[in-house]
$ cat upload-v5.cif   # mmCIF, C-alpha atoms and all ligand atoms
data_target
#
loop_
_atom_site.label_atom_id
_atom_site.label_comp_id
_atom_site.auth_asym_id
_atom_site.auth_seq_id
_atom_site.Cartn_x
_atom_site.Cartn_y
_atom_site.Cartn_z
CA MET A 158 0.00 0.00 0.00
CA ASN A 159 1.59 3.29 -1.03
CA LEU A 160 0.45 5.75 1.62
CA HIS A 161 1.85 8.63 -0.38
CA SER A 162 -0.04 7.72 -3.55
CA ASN A 163 -1.67 10.66 -5.18
CA ALA A 164 -4.91 10.50 -7.13
CA SER A 165 -3.37 12.89 -9.66
CA ASP A 166 -1.09 10.03 -10.77
CA GLN A 167 -4.04 8.17 -12.19
CA VAL A 168 -6.16 10.71 -13.98
CA GLU A 169 -3.80 12.57 -16.26
CA GLY A 170 -5.56 13.21 -19.54
CA SER A 171 -9.04 12.18 -18.24
CA PRO A 172 -11.87 14.69 -17.73
CA TRP A 173 -11.41 14.21 -13.98
CA ASP A 174 -7.74 15.16 -14.12
CA ASN A 175 -7.09 16.06 -10.52
CA LYS A 176 -4.02 18.21 -10.82
CA GLY A 177 -6.02 20.85 -9.07
CA LEU A 178 -6.70 24.34 -10.24
CA LEU A 179 -2.99 25.07 -10.41
CA GLN A 180 -3.11 23.34 -13.82
CA SER A 181 0.36 21.95 -13.29
CA GLN A 182 0.97 18.42 -12.04
CA GLU A 183 4.45 19.42 -10.93
CA LEU A 184 3.39 22.40 -8.86
CA TYR A 185 0.49 20.48 -7.32
CA ARG A 186 2.82 17.61 -6.43
CA TYR A 187 5.25 20.15 -4.94
CA VAL A 188 2.49 21.57 -2.68
CA LEU A 189 1.41 18.10 -1.58
CA GLU A 190 4.89 16.79 -0.94
CA THR A 191 6.17 19.92 0.81
CA SER A 192 3.26 21.12 2.92
CA VAL A 193 0.55 18.49 2.99
CA TYR A 194 1.73 14.84 3.08
CA PRO A 195 4.30 15.37 5.86
CA ARG A 196 1.51 16.57 8.18
CA GLU A 197 -1.28 14.27 7.05
CA PRO A 198 -2.38 11.96 9.89
CA GLU A 199 -1.68 8.28 9.24
CA PRO A 200 -5.39 7.19 9.24
CA LEU A 201 -6.11 9.72 6.48
CA LYS A 202 -3.26 8.30 4.42
CA GLU A 203 -4.88 4.87 4.89
CA ILE A 204 -8.29 6.06 3.67
CA ARG A 205 -6.60 7.69 0.70
CA ALA A 206 -4.78 4.46 -0.15
CA ILE A 207 -8.04 2.44 0.03
CA THR A 208 -9.79 5.04 -2.14
CA ALA A 209 -7.00 5.10 -4.75
CA ASN A 210 -7.93 1.55 -5.82
CA LEU A 211 -11.57 2.38 -6.60
CA PRO A 212 -12.92 3.25 -10.06
CA ASP A 213 -14.27 6.57 -8.76
CA PHE A 214 -11.22 7.36 -6.62
CA TYR A 215 -11.22 10.97 -7.91
CA MET A 216 -14.25 11.73 -5.70
CA GLY A 217 -12.18 11.69 -2.51
CA THR A 218 -11.44 15.04 -0.92
CA THR A 219 -7.92 16.12 -1.77
CA PRO A 220 -5.55 16.32 1.22
CA ASP A 221 -4.70 19.97 0.54
CA SER A 222 -8.41 20.85 0.86
CA GLY A 223 -8.49 18.70 3.98
CA GLN A 224 -5.78 20.81 5.58
CA LEU A 225 -7.86 23.96 5.18
CA ILE A 226 -11.03 22.27 6.45
CA ALA A 227 -9.18 21.15 9.58
CA MET A 228 -7.93 24.67 10.19
CA LEU A 229 -11.45 26.10 9.80
CA LEU A 230 -12.82 23.53 12.25
CA ASN A 231 -10.13 24.45 14.77
CA LEU A 232 -10.62 28.19 14.35
CA LEU A 233 -14.35 27.78 14.93
CA ASN A 234 -13.94 25.35 17.83
CA ALA A 235 -16.54 23.35 15.92
CA LYS A 236 -18.38 20.71 17.93
CA ASN A 237 -21.63 20.09 16.10
CA THR A 238 -21.03 19.43 12.41
CA ILE A 239 -22.79 17.96 9.39
CA GLU A 240 -21.45 16.45 6.19
CA LEU A 241 -23.39 15.79 3.00
CA GLY A 242 -21.53 13.33 0.75
CA VAL A 243 -19.21 10.96 2.65
CA PHE A 244 -17.94 8.49 0.00
CA THR A 245 -15.08 6.51 1.65
CA GLY A 246 -14.80 9.02 4.48
CA TYR A 247 -11.70 11.18 3.94
CA SER A 248 -13.36 14.47 4.95
CA LEU A 249 -15.44 12.66 7.57
CA LEU A 250 -12.42 11.09 9.26
CA LEU A 251 -10.55 14.38 9.00
CA THR A 252 -13.42 16.11 10.80
CA ALA A 253 -13.67 13.36 13.40
CA LEU A 254 -9.94 13.59 14.10
CA THR A 255 -10.14 17.39 14.43
CA ILE A 256 -13.21 18.09 16.58
CA PRO A 257 -13.12 17.43 20.35
CA ASP A 258 -13.91 14.05 21.87
CA ASP A 259 -17.51 15.06 22.65
CA GLY A 260 -17.99 16.60 19.19
CA LYS A 261 -20.59 15.22 16.76
CA ILE A 262 -20.81 14.76 13.00
CA LEU A 263 -24.07 13.96 11.27
CA ALA A 264 -22.84 12.32 8.06
CA ILE A 265 -25.25 11.59 5.22
CA ASP A 266 -24.70 9.56 2.07
CA SER A 267 -27.01 7.60 -0.19
CA ASN A 268 -24.26 5.01 -0.72
CA LEU A 269 -23.48 2.71 2.19
CA GLU A 270 -20.92 0.56 0.39
CA SER A 271 -18.28 3.24 0.00
CA TYR A 272 -18.71 4.37 3.63
CA GLU A 273 -18.13 0.79 4.77
CA LEU A 274 -14.83 0.66 2.90
CA GLY A 275 -13.37 3.40 5.08
CA LEU A 276 -15.18 2.43 8.29
CA PRO A 277 -12.49 0.02 9.60
CA VAL A 278 -9.97 2.87 9.44
CA ILE A 279 -12.38 5.19 11.29
CA ARG A 280 -12.87 2.51 13.95
CA LYS A 281 -9.15 1.89 14.30
CA ALA A 282 -8.59 5.64 14.72
CA GLY A 283 -10.97 5.55 17.72
CA VAL A 284 -13.32 8.27 16.52
CA GLU A 285 -16.45 6.35 15.44
CA HIS A 286 -18.34 7.52 18.54
CA LYS A 287 -18.41 11.08 17.12
CA ILE A 288 -20.16 9.95 13.92
CA ASN A 289 -23.87 9.51 13.29
CA PHE A 290 -24.05 8.09 9.76
CA LYS A 291 -27.37 8.24 7.90
CA HIS A 292 -27.69 6.06 4.83
CA SER A 293 -30.10 8.20 2.84
CA PRO A 294 -30.40 10.92 0.24
CA ALA A 295 -29.55 14.13 2.06
CA LEU A 296 -32.62 16.30 1.39
CA PRO A 297 -35.23 14.27 3.30
CA VAL A 298 -32.87 14.02 6.30
CA LEU A 299 -32.45 17.80 6.35
CA ASP A 300 -36.20 18.34 6.03
CA LYS A 301 -36.84 15.96 8.91
CA LEU A 302 -34.23 17.71 11.09
CA LEU A 303 -35.87 21.06 10.43
CA GLU A 304 -39.17 19.79 11.86
CA ASP A 305 -37.48 19.90 15.26
CA ASP A 306 -36.68 23.42 16.50
CA LYS A 307 -33.66 22.21 18.44
CA ASN A 308 -31.83 21.60 15.14
CA ARG A 309 -32.31 25.19 13.98
CA GLY A 310 -29.31 27.44 14.52
CA SER A 311 -27.46 24.56 16.13
CA PHE A 312 -24.61 23.54 13.78
CA ASP A 313 -21.12 25.08 13.78
CA PHE A 314 -19.90 23.65 10.50
CA ALA A 315 -21.24 21.97 7.36
CA PHE A 316 -19.23 20.35 4.57
CA VAL A 317 -21.27 19.90 1.40
CA ASP A 318 -19.85 17.50 -1.17
CA ALA A 319 -22.85 15.42 -2.35
CA ASP A 320 -24.74 15.89 -5.66
CA LYS A 321 -23.74 19.32 -6.92
CA THR A 322 -27.06 20.05 -8.61
CA ASN A 323 -28.79 20.05 -5.22
CA TYR A 324 -26.43 22.62 -3.65
CA GLY A 325 -29.10 25.35 -3.81
CA ASN A 326 -31.60 23.10 -2.01
CA TYR A 327 -29.01 22.22 0.62
CA HIS A 328 -28.14 25.89 1.08
CA GLU A 329 -31.69 26.95 1.97
CA ARG A 330 -31.98 24.21 4.56
CA LEU A 331 -28.47 24.54 5.99
CA MET A 332 -28.89 28.29 6.41
CA LYS A 333 -31.64 27.52 8.91
CA MET A 334 -29.55 24.88 10.66
CA MET A 335 -26.30 26.83 11.11
CA LYS A 336 -25.51 29.01 14.09
CA ILE A 337 -24.94 32.68 13.33
CA GLY A 338 -21.21 32.74 12.56
CA GLY A 339 -21.24 29.07 11.51
CA LEU A 340 -19.59 27.96 8.27
CA ILE A 341 -20.94 26.07 5.28
CA VAL A 342 -18.21 24.88 2.92
CA TYR A 343 -19.27 23.87 -0.60
CA ASP A 344 -16.76 21.69 -2.42
CA ASN A 345 -16.00 21.52 -6.16
CA THR A 346 -17.38 24.96 -6.87
CA LEU A 347 -14.87 25.50 -9.70
CA TRP A 348 -15.65 22.09 -11.24
CA TYR A 349 -12.27 21.02 -12.58
CA GLY A 350 -11.66 24.46 -13.98
CA THR A 351 -14.51 24.10 -16.50
CA LEU A 352 -16.47 27.14 -15.31
CA ALA A 353 -14.25 29.46 -17.33
CA MET A 354 -14.23 27.25 -20.46
CA PRO A 355 -16.64 27.44 -23.40
CA GLU A 356 -19.29 24.74 -23.00
CA GLU A 357 -18.37 22.95 -26.24
CA SER A 358 -14.82 22.34 -24.99
CA VAL A 359 -16.09 20.73 -21.76
CA HIS A 360 -16.46 16.94 -21.60
CA LYS A 361 -20.15 15.95 -21.87
CA LEU A 362 -20.02 14.18 -18.49
CA MET A 363 -19.24 17.46 -16.78
CA ARG A 364 -21.67 19.85 -18.46
CA SER A 365 -24.77 19.64 -16.27
CA GLU A 366 -22.84 20.33 -13.04
CA ARG A 367 -20.88 23.04 -14.84
CA SER A 368 -24.00 24.95 -15.84
CA TYR A 369 -25.58 24.43 -12.42
CA LEU A 370 -22.50 25.67 -10.57
CA LEU A 371 -22.25 28.74 -12.80
CA GLU A 372 -25.67 29.78 -11.46
CA PHE A 373 -25.02 28.62 -7.90
CA ASN A 374 -21.81 30.66 -7.61
CA LYS A 375 -23.71 33.77 -8.76
CA PHE A 376 -26.44 32.99 -6.27
CA LEU A 377 -23.97 32.72 -3.37
CA ALA A 378 -22.27 35.95 -4.43
CA ALA A 379 -25.64 37.73 -4.21
CA ASP A 380 -26.77 36.14 -0.94
CA THR A 381 -26.49 38.94 1.65
CA ARG A 382 -27.10 36.51 4.54
CA ILE A 383 -23.53 35.19 4.18
CA GLN A 384 -19.94 36.33 3.96
CA ILE A 385 -18.15 34.27 1.29
CA SER A 386 -14.69 33.34 0.16
CA GLN A 387 -14.16 31.41 -3.07
CA VAL A 388 -10.99 29.44 -2.47
CA SER A 389 -9.02 28.17 -5.47
CA LEU A 390 -7.78 25.08 -3.68
CA GLY A 391 -8.46 21.45 -4.55
CA ASP A 392 -11.33 21.74 -7.00
CA GLY A 393 -12.51 25.06 -5.60
CA MET A 394 -14.30 25.47 -2.29
CA THR A 395 -16.67 28.24 -1.33
CA ILE A 396 -16.61 29.08 2.35
CA CYS A 397 -19.82 30.75 3.54
CA ARG A 398 -20.27 32.29 6.99
CA ARG A 399 -23.81 32.85 8.20
CA LEU A 400 -24.15 36.51 9.13
CA PHE A 401 -27.70 36.63 10.43
N1 LIG B 1 -16.47 14.08 0.96
C1 LIG B 1 -16.12 12.81 0.38
C2 LIG B 1 -14.68 12.48 0.66
O1 LIG B 1 -14.01 13.23 1.35
O2 LIG B 1 -14.21 11.46 0.14
C3 LIG B 1 -16.43 12.75 -1.11
C4 LIG B 1 -17.88 12.78 -1.45
S1 LIG B 1 -18.20 12.25 -3.09
C5 LIG B 1 -17.55 13.54 -4.05
C6 LIG B 1 -19.93 12.48 -3.26
C7 LIG B 1 -20.78 11.52 -2.42
O3 LIG B 1 -22.10 12.05 -2.42
C8 LIG B 1 -20.88 10.10 -2.96
O4 LIG B 1 -20.45 9.19 -1.97
C9 LIG B 1 -22.36 9.90 -3.26
O5 LIG B 1 -22.86 8.62 -2.90
C10 LIG B 1 -23.01 10.98 -2.40
N2 LIG B 1 -24.31 11.46 -2.89
C11 LIG B 1 -24.66 11.74 -4.17
N3 LIG B 1 -25.93 12.19 -4.21
C12 LIG B 1 -26.36 12.20 -2.93
C13 LIG B 1 -27.59 12.58 -2.31
N4 LIG B 1 -28.60 13.05 -3.01
N5 LIG B 1 -27.69 12.47 -0.96
C14 LIG B 1 -26.66 12.02 -0.22
N6 LIG B 1 -25.48 11.64 -0.76
C15 LIG B 1 -25.34 11.73 -2.08
CA CA B 2 -15.46 16.94 -3.55
#
$ encode --input "upload-v5.cif" --output "C-alpha cells"
Amino acid sequence: MNLHSNASDQVEGSPWDNKGLLQSQELYRYVLETSVYPREPEPLKEIRAITANLPDFYMGTTPDSGQLIAMLLNLLNAKNTIELGVFTGYSLLLTALTIPDDGKILAIDSNLESYELGLPVIRKAGVEHKINFKHSPALPVLDKLLEDDKNRGSFDFAFVDADKTNYGNYHERLMKMMKIGGLIVYDNTLWYGTLAMPEESVHKLMRSERSYLLEFNKFLAADTRIQISQVSLGDGMTICRRLF
C-alpha cells in the first residue's frame, strides 16, 4: 500500500484530471509533498490508499483541501457538524480527528458501500463515537431535522460534497440549521476548472454540473445573509459564513 499515492497520478488526460486548479501536475505535487503529506495523519493516508484503488477514486477530498477544512474547524472550535456526501470518508475522518472528543458529526450519504470501505480505518482511529451516519439521500434528512426546533441554529460547521445540482436546495436548509457565525463549505465549486471554459470544450459528463454551478456561484455571491470566500484550492471550495 503506497500511503503517499496521489490521485493525480491516475487521472492525467481524463476529464477528472485532478491536478487541481494550479493546472500543473508538478506544482500540485510540490504543494502536496512539501506542505501536505508530511503533516497528514496516518489514518487519512490509509483512507486515501483504500480510495485510490476504486474506479471513482477521484471523488475523494484532496488532502490539501483537507488541511484547510481542519484549520477552519479548529478556528471555529466546531463541535456540532454535518457532512453531505461521505464516500469513503476522507473528509469525515478528517473532521472526526479534528473536533473534540464530545464533538458530533451527522454524516449523510445515499451510498453505504463506499462508507463501509473506510469504516475500519475510522474505527481503528478511535473516533467512530463522534459519527452519526445516515444512509439516505440528504434532502429528506435535512427536512426531517428542520421539523425539530432544536436543530435550527445549532450547527457550527457543514461540509457539502454530495450531488452538486442540489447545492441550492441544501443551502436553503443549511442556512436555517447553522448558528450565526457558523460555516458552510461547498466543495468543487470550480468544477475542474470548467467554469471558465466554453461549453463545447467541456467533456459531456461534466456539463450539467458546470452549468448548475455557474448559477449557484452567482447565487452565493448575491446572498447577503452570508460572507463568502471562493478558495481556489483542490477543486474550488466556497466558504460561507452565516451573518444573520
Ligand atoms: N467528501 C467525500 C470524501 O471526502 O471522500 C467525497 C464525497 S463524493 C464527491 C460524493 C458523495 O455524495 C458520494 O459518496 C455519493 O454517494 C453521495 N451522494 C450523491 N448524491 C447524494 C444525495 N442526493 N444524498 C446524499 N449523498 C449523495
Ligand atoms: Ca469533492
$ residues_around --input "upload-v5.cif" --residues "Ser386 of chain A" --least-positions-apart "3" --cutoff "7 Å" --atoms "all atoms listed in the file" --output "ChimeraX atom specification"
/A:395-397
$ residues_around --input "upload-v5.cif" --residues "segment 262-274 of chain A" --least-positions-apart "2" --cutoff "7 Å" --atoms "all atoms listed in the file" --output "list in words"
Asn237, Thr238, Ile239, Glu240, Leu241, Gly242, Val243, Phe244, Thr245, Gly246, Leu276, Lys287, Ile288, Asn289, Phe290, Lys291, His292, Ser293, Pro294 and Ala295 of chain A
$ atom_distance --input "upload-v5.cif" --atom1 "atom CA of Ser222 of chain A" --atom2 "atom CA of Val188 of chain A"
11.5 Å
$ atom_distance --input "upload-v5.cif" --atom1 "atom CA of Arg399 of chain A" --atom2 "atom CA of Gly338 of chain A"
5.1 Å
$ atom_distance --input "upload-v5.cif" --atom1 "atom CA of Phe373 of chain A" --atom2 "atom CA of Phe401 of chain A"
20.2 Å
$ closest_residue --input "upload-v5.cif" --among "A:Arg367, A:Lys307, A:Lys301, A:Lys202" --to "Asn345 of chain A" --atoms "all atoms listed in the file"
A:Arg367
$ residues_around --input "upload-v5.cif" --residues "Leu229 of chain A" --least-positions-apart "6" --cutoff "12 Å" --atoms "only C-alpha atoms" --output "PyMOL selection string"
chain A and resi 222-223+235-236+238+251-252+255-256+313-316+339-342+396-398
$ residues_near_ligand --input "upload-v5.cif" --ligand "ligand CA 2 (chain B)" --cutoff "8 Å" --atoms "all atoms listed in the file" --output "list in words"
Met216, Gly217, Thr218, Thr219, Asp318, Ala319, Asp344, Asn345 and Asp392 of chain A
$ closest_residue --input "upload-v5.cif" --among "A:Glu197, A:Asp380, A:Glu356, A:Asp213" --to "ligand LIG 1 (chain B)" --atoms "all atoms listed in the file"
A:Asp213
$ closest_residue --input "upload-v5.cif" --among "A:Leu331, A:Val317, A:Leu230, A:Leu370" --to "ligand LIG 1 (chain B)" --atoms "all atoms listed in the file"
A:Val317
$ closest_residue --input "upload-v5.cif" --among "A:Trp348, A:Phe312, A:Tyr187, A:Tyr194" --to "ligand LIG 1 (chain B)" --atoms "only C-alpha atoms and all ligand atoms"
A:Trp348
$ closest_residue --input "upload-v5.cif" --among "A:Gln387, A:Thr381, A:Gln180, A:Asn326" --to "ligand LIG 1 (chain B)" --atoms "all atoms listed in the file"
A:Asn326
$ axis_aligned_box --input "upload-v5.cif" --around "segment 210-226 of chain A" --padding-each-side "5 Å" --output "AutoDock Vina command-line options"
--center_x -9.5 --center_y 12.8 --center_z -1.8 --size_x 19.6 --size_y 32.4 --size_z 26.5
$ closest_residue --input "upload-v5.cif" --among "A:Met335, A:Leu211, A:Met228, A:Leu400" --to "ligand LIG 1 (chain B)" --atoms "all atoms listed in the file"
A:Leu211
